[in-house]
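So the structure is just underneath, and the comments pick up after that.
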Amino acid sequence: MNKYSYVESSILSLFGTTEWTDHNIKTLPSNFQTTDLEFIRLTFFHRNEGLNFDSGKLIIDIYAAAQVGTKRITEISDKLDSLLVKKSFQVDANSLQIGESNLQYLGFNQSNPTQYAALYSVEFKLFRSI
């Protein structure tokens with residue numbers, strides 16, 4: 001499997017587990033749109049670090065209801081931490097490791113002021129066999 005596909009399919013597979021789906025949080029890839037008030041959107045950034053090492057970042061936009069505080073965003077972020085932080089995958093001689101998370105509040109969604117937005121991110125590292 002190619003490196004980009006390996007990274008993305010490994011991480012995306014977590015969002016199909018009952019550990020995540022039981023929370024009923026709509027989860028979309030970066031090229032999807034929705035009219036739902038609450039959802040998350042996933043975007044991958046890849047960096048080629050050399051012959052057998054790659055890294056990158058998974059950026060997750062979190063959207064929740066505005067005017068009710070940030071509690072729901074922090075709840076979703078904590079659920080994302082449980083799902084992602086410090087996870088590792090091993091397929092053949094490839095190893096994918098997910099690191100610590102960051103959370104940044106972005107404010108009201110310009111296109112929908114009934115939503116409040118935040119940016120959650122985790123870094124990943126892929127060690128490939130050569």
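Naming scheme: A, B, ... for chains in displayed order of the structure tokens; residues 1 onward per chain; ligands 1 onward as shown.
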So that I can see what lies close to Lys26 in chain A, please list as a list in words the residues with an atom at most 12 Å from it, counting only C-alpha atoms and leaving out residues fewer than 4 positions away in the same chain.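 The residues satisfying every condition are Phe15, Gly16, Trp20, Thr21, Asp22, Phe32, Gln33, Thr34, Thr35, Asp36, Leu37, Glu38, Phe39, Ile40, Arg41, Leu42, Asp61, Ile62, Tyr63, Ala64 and Ile76 of chain A.
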Which polymer residues have any atom within 10 Å of an atom of range 54-58 of chain A, counting only C-alpha atoms, with same-chain residues fewer than 5 positions away left out, as an MDAnalysis selection string? chainID A and resid 3:4 7:8 11 42:49 96:99 101 120:128
Best match for closeness to Leu83 in chain A among A:Leu28, A:Asn112, A:Glu100, A:Ala65, counting only C-alpha atoms: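 Comparing A:Leu28, A:Asn112, A:Glu100, A:Ala65 against Leu83 in chain A, the winner is A:Glu100.
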Taking the DSSP assignment computed from this structure's backbone, write out as a count of residues only all residues of range 4-61 of chain A that belong to strand (DSSP E or B). 22
So how many Å separate CA of Gln115 in chain A and CA of Val68 in chain A, to one decimal? 10.0 Å
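Of note, CA of Leu103 in chain A and CA of Leu119 in chain A are spaced 5.7 Å apart.
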When you count only C-alpha atoms, which of these residues is closest to Leu106 in chain A: A:Thr70, A:Ile25, A:Glu19, A:Val85? A:Thr70
Residues flagged alpha helix (DSSP H) by DSSP in chain A, as a ChimeraX atom specification: /A:3-14,18-21,71-84
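Considering only C-alpha atoms, the residue among A:Ser30, A:Thr114, A:Asn109, A:Asn102 positioned nearest to Leu84 in chain A is A:Asn102.
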